[in-house]
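Participant: Below is a structure I'd like to ask you about.
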2 protein chains.
Amino acid sequence: MKLPKKIITIRDVAKAAGVSISTVSKAMNGNPGMGEETRKRVLKAAKAVGFRRNDLAHALHRGTSKTVGIVSSDNFGRFTMPIAAGLEMELSPHQISVFLCNATDDVELEKRHIAQLLAKRVDGLVFTARRLDKRHTPSADELGIPIVFAFSQGDNAEVPTLLPDDEQGARLAVEHLVSLGHRRIAHITGPQHFEAVQRRSAGYRTAITKGRVGDYGQTLMGRWSEASGYDMARDLFAAGRDRPDAIFAGSDQIARGAMEYLREHGISIPQDVSIIGFDNWEVMAEAVRPKLTTIDMNLNALGAAAGNTLMRLMKGEIAKGIERLPCSLIVRESTRSRTQ
Amino acid sequence: MKLPKKIITIRDVAKAAGVSISTVSKAMNGNPGMGEETRKRVLKAAKAVGFRRNDLAHALHRGTSKTVGIVSSDNFGRFTMPIAAGLEMELSPHQISVFLCNATDDVELEKRHIAQLLAKRVDGLVFTARRLDKRHTPSADELGIPIVFAFSQGDNAEVPTLLPDDEQGARLAVEHLVSLGHRRIAHITGPQHFEAVQRRSAGYRTAITKGRVGDYGQTLMGRWSEASGYDMARDLFAAGRDRPDAIFAGSDQIARGAMEYLREHGISIPQDVSIIGFDNWEVMAEAVRPKLTTIDMNLNALGAAAGNTLMRLMKGEIAKGIERLPCSLIVRESTRSRTQ
DNA sequence: CTGAAAGCGCTAACAA
DNA sequence: TTGTTAGCGCTTTCAG
């Protein structure tokens, strides 16, 4: 049973259709300048014998393999997934496939992986979800193929980079809160050294100002964890005065931690205080009660955009620099119009 | 700046080393029967001119592309990623790369994707995380290349299939509880029609029996959600009598829901009741307080095993049927020896 | 409009 | 031990 299935070549089609090899090739590629009838016949013959072009041979000749690689360094975690899926979704209609490539923070390993992809003649590379430690990333020139960054940055400002618009997302969150009538909006978030933290914080401040919500404003920075969210909520409320009437959390996890604190202390959501998260990590946001209103970074779209940019690059168009993609607001149950 | 980087062929190396093309080829492939000195020279020349073999040409000739595809239908969700990562980790040392391929439950799309992979001449395919609706999956014979299932099953019992050993995992959980001195262990889990639910439930019963823990035993089936876990915990405890002293939950989410109920009702974990989950979804298990003891399905290892099986298949060895890989116990803080 | 022939970059007999 | 040659399956001038 292990007989290697006979592989059908263009030659077989030619024989079946009674034409030459080159004619078949033309027919397959929709090449103009040939009898409509012949083409039909060839196509039918091809179908009949079950021909499927060998992309390897095709690529060898054309010099383009219709494949790209996505290299991540976080073991394909929560953020990489939707990006990879979006990338694949964008590219696959164009017959281009994506190679998975994970280099767990090991620079040497990453180099080897990239070499492997290069040997496979990928037409492009997207780097994603890498630590922000600015490790050196080979440039498109060194590599000889276009590259793009998605959801992470390299040390080279020239390379096209797709990032979520954290600031806009934060504004969205706060504007939502403001529109609901909240006036004392606090912000609890992750560690300061994250660029996302800074941008979201900036967006928060902008929206507070623009909303003419007075001068109340507090940004607490902690860690990206529920425990930290809990602690920050304590800091916010334990004082007893100057309490917020709404919280904008820098992540859904932080929001969840805060919600826990509030519940433990008899502060009800959204009656007493509204809370909004960031990430729209569905399994988290849908699981809490009340369900969490939050900001979605549209990572799927970001992956797709990366694919799109890569394709443009591959066509020879130029693109460079950072592009920020809008976040969206997902309203659930944890925010409500301020009563009274 | 967009000049297509000159591509270095074996020819260039030959010229540089002053030997023939075939000699270079031999040298590169570690082919025996050639002067050690010549080989050195060739290798050095290759490095010098920056040669990297074109795997496409190589594959075209050899008939094997050193690539495999992984096709999932769940948009690369939480379970797929560790599997994909494990697969890649296992394969990449052998120079084989993995194509990502997502077919969101659309059968036609899936067909097209597979055709695309076939055209790229992948050497094998792994199917993962597909709905259990037994949709037809093409056989290895139809495809002409080996396939394996990982974390999901096809409609063909012959194809090699890697699954976590749910039953053993459940036993592990219950044995842990028993060894801690618990005697009234309840099981709350997902919908009955999941095979995993049935197997875990069976493992639960076996362990209860083996543990000589008396005839206490309750299995409640609900949904895979926190809300459902909460409800089932209520059903368990609201009765007022016949309460369990430990809970084995079918998923970490369910466990978390149950913990919520217990906490709300002043039942403390692990002092009053121990609770153990299933999945070791770290971000979930580590986030709750107390941190959740749980069962890990070792999905990474499962992905690696799938890669291994595939490689054996590709070598012509035969393998078939279901193989179940052991789960492991991750002890955290939600289980404790029964005091008294 | 169709076919013959020359490769894409590499490997594997076969000669030398 | 090394070089020559004939392809892998496909595309693309260039003649016919």
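Each chain of the structure tokens is named A, B, ... in the order shown, its residues numbered from 1; ligands are numbered from 1 in display order.
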Give me the residues within 9 Å of region 162-171 of chain A as a PyMOL selection string, counting only C-alpha atoms (C1' of nucleotides) and dropping any in the same chain fewer than 2 places off.
Facilitator: chain A and resi 148-153+160+173-176+196-208+248+250+278+295-299+302-303+305-306+321-329
Participant: Using only C-alpha atoms (C1' of nucleotides), find each residue in chain C having at least one atom no more than 12 Å away from chain B; report its shortest atom-to-atom pair and that distance in Å (one decimal), rows by chain then rising number, as a Markdown table.
Facilitator:
```
| residue | atom | partner | partner_atom | distance |
| --- | --- | --- | --- | --- |
| C:DC8 | C1' | B:Ala57 | CA | 8.3 |
| C:DG9 | C1' | B:Ala57 | CA | 5.3 |
| C:DC10 | C1' | B:Ala57 | CA | 5.3 |
| C:DT11 | C1' | B:His61 | CA | 6.6 |
| C:DA12 | C1' | B:Ser22 | CA | 9.0 |
| C:DA13 | C1' | B:Ser22 | CA | 11.5 |
```
Participant: Taking only C-alpha atoms (C1' of nucleotides) into account and nothing else, which residues of chain D lie no more than 9 Å away from chain A? Please answer as an MDAnalysis selection string.
Facilitator: chainID D and resid 8:12
Participant: Generate the output file for the selected residues, N, CA and C atoms (P, O5', C5', C4', C3', O3' and C1' of nucleotides), as a compact mmCIF listing (two decimals), in the first residue's frame.
Facilitator:
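Result file is selection.txt:
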```
# COMPACT_ATOMS: atom_id res chain seq x y z
P DC D 8 13.19 13.78 -16.01
O5' DC D 8 12.98 14.44 -14.57
C5' DC D 8 13.19 13.72 -13.36
C4' DC D 8 12.92 14.68 -12.22
C3' DC D 8 11.72 15.59 -12.46
O3' DC D 8 10.62 15.10 -11.69
C1' DC D 8 13.67 16.86 -11.72
P DG D 9 9.26 14.75 -12.39
O5' DG D 9 8.60 16.17 -12.66
C5' DG D 9 8.25 16.99 -11.56
C4' DG D 9 7.97 18.39 -12.07
C3' DG D 9 6.93 18.46 -13.19
O3' DG D 9 5.94 19.38 -12.78
C1' DG D 9 8.87 19.70 -13.75
P DC D 10 4.84 19.91 -13.70
O5' DC D 10 5.48 21.28 -14.19
C5' DC D 10 5.49 22.38 -13.29
C4' DC D 10 6.36 23.48 -13.83
C3' DC D 10 5.75 24.30 -14.95
O3' DC D 10 5.26 25.52 -14.40
C1' DC D 10 8.04 23.79 -15.35
P DT D 11 4.41 26.48 -15.31
O5' DT D 11 5.54 27.33 -16.03
C5' DT D 11 6.31 28.23 -15.25
C4' DT D 11 7.33 28.91 -16.11
C3' DT D 11 6.76 29.86 -17.17
O3' DT D 11 7.47 31.07 -17.02
C1' DT D 11 8.31 28.37 -18.16
P DT D 12 6.90 32.40 -17.65
O5' DT D 12 7.87 32.60 -18.89
C5' DT D 12 9.27 32.51 -18.68
C4' DT D 12 10.00 32.45 -20.00
C3' DT D 12 9.39 33.32 -21.10
O3' DT D 12 10.45 34.04 -21.72
C1' DT D 12 9.72 31.12 -21.89
```
Participant: Name the residues of region 267-336 of chain A that fall into strand (DSSP E) according to DSSP on the backbone, using the chain letters and numbers of this document, as a PyMOL selection string.
Facilitator: chain A and resi 274-276+294-296+322-325+328-330
Participant: What are the residues of chain A lining chain B at 6 Å or less? Count only C-alpha atoms, and put the answer as a VMD selection string.
Facilitator: chain A and resid 5 54 to 56 98 to 100 119 to 120 144
Participant: Just how far from CA of Asp272 (chain B) is CA of Ala233 (chain B), in Å to one decimal?
Facilitator: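 These two atoms are separated by 13.8 Å.
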Participant: Just to confirm, what's the straight-line distance from CA of Tyr230 (chain A) to CA of Ala186 (chain A) in Å (one decimal)?
Facilitator: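 These two atoms are separated by 13.9 Å.
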Participant: Which residues are close to Ala46 (chain B), i.e. within 9 Å by only C-alpha atoms (C1' of nucleotides), leaving aside same-chain residues fewer than 4 positions away? Reply as a list in words.
Facilitator: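 Neighbouring residues, sequence-local ones excluded: Ile10, Asp12, Val13, Ala14, Ala16, Ala17, Val24, Met28, Arg41, Val42, Gly50, Phe51 and Arg52 of chain B.
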Participant: Would you export the selected residues with N, CA and C atoms as a compact mmCIF listing (two decimals), in the first residue's frame, please?
Facilitator:
```
# COMPACT_ATOMS: atom_id res chain seq x y z
N ILE B 10 25.41 27.26 -6.96
CA ILE B 10 26.46 26.29 -6.78
C ILE B 10 27.57 26.52 -7.80
N ASP B 12 28.71 29.36 -8.81
CA ASP B 12 29.65 30.37 -8.31
C ASP B 12 30.66 29.74 -7.37
N VAL B 13 30.16 28.84 -6.55
CA VAL B 13 31.05 28.17 -5.63
C VAL B 13 32.09 27.35 -6.41
N ALA B 14 31.60 26.66 -7.42
CA ALA B 14 32.49 25.82 -8.23
C ALA B 14 33.61 26.67 -8.82
N ALA B 16 34.69 29.55 -7.76
CA ALA B 16 35.56 30.05 -6.70
C ALA B 16 36.53 28.99 -6.20
N ALA B 17 36.04 27.76 -6.13
CA ALA B 17 36.88 26.70 -5.57
C ALA B 17 37.73 26.04 -6.66
N VAL B 24 31.12 20.15 -6.01
CA VAL B 24 30.56 21.01 -4.98
C VAL B 24 29.35 20.35 -4.34
N MET B 28 28.85 19.49 -0.44
CA MET B 28 27.79 20.08 0.35
C MET B 28 26.94 19.01 1.04
N ARG B 41 38.24 22.78 0.83
CA ARG B 41 38.36 23.93 -0.05
C ARG B 41 36.99 24.40 -0.53
N VAL B 42 36.22 23.43 -0.96
CA VAL B 42 34.89 23.75 -1.45
C VAL B 42 34.05 24.42 -0.37
N GLY B 50 29.22 33.11 0.24
CA GLY B 50 27.90 33.23 0.86
C GLY B 50 26.85 32.37 0.20
N PHE B 51 27.25 31.17 -0.10
CA PHE B 51 26.31 30.28 -0.77
C PHE B 51 25.31 29.66 0.19
N ARG B 52 24.09 29.57 -0.27
CA ARG B 52 23.08 28.84 0.49
C ARG B 52 22.25 28.05 -0.50
```
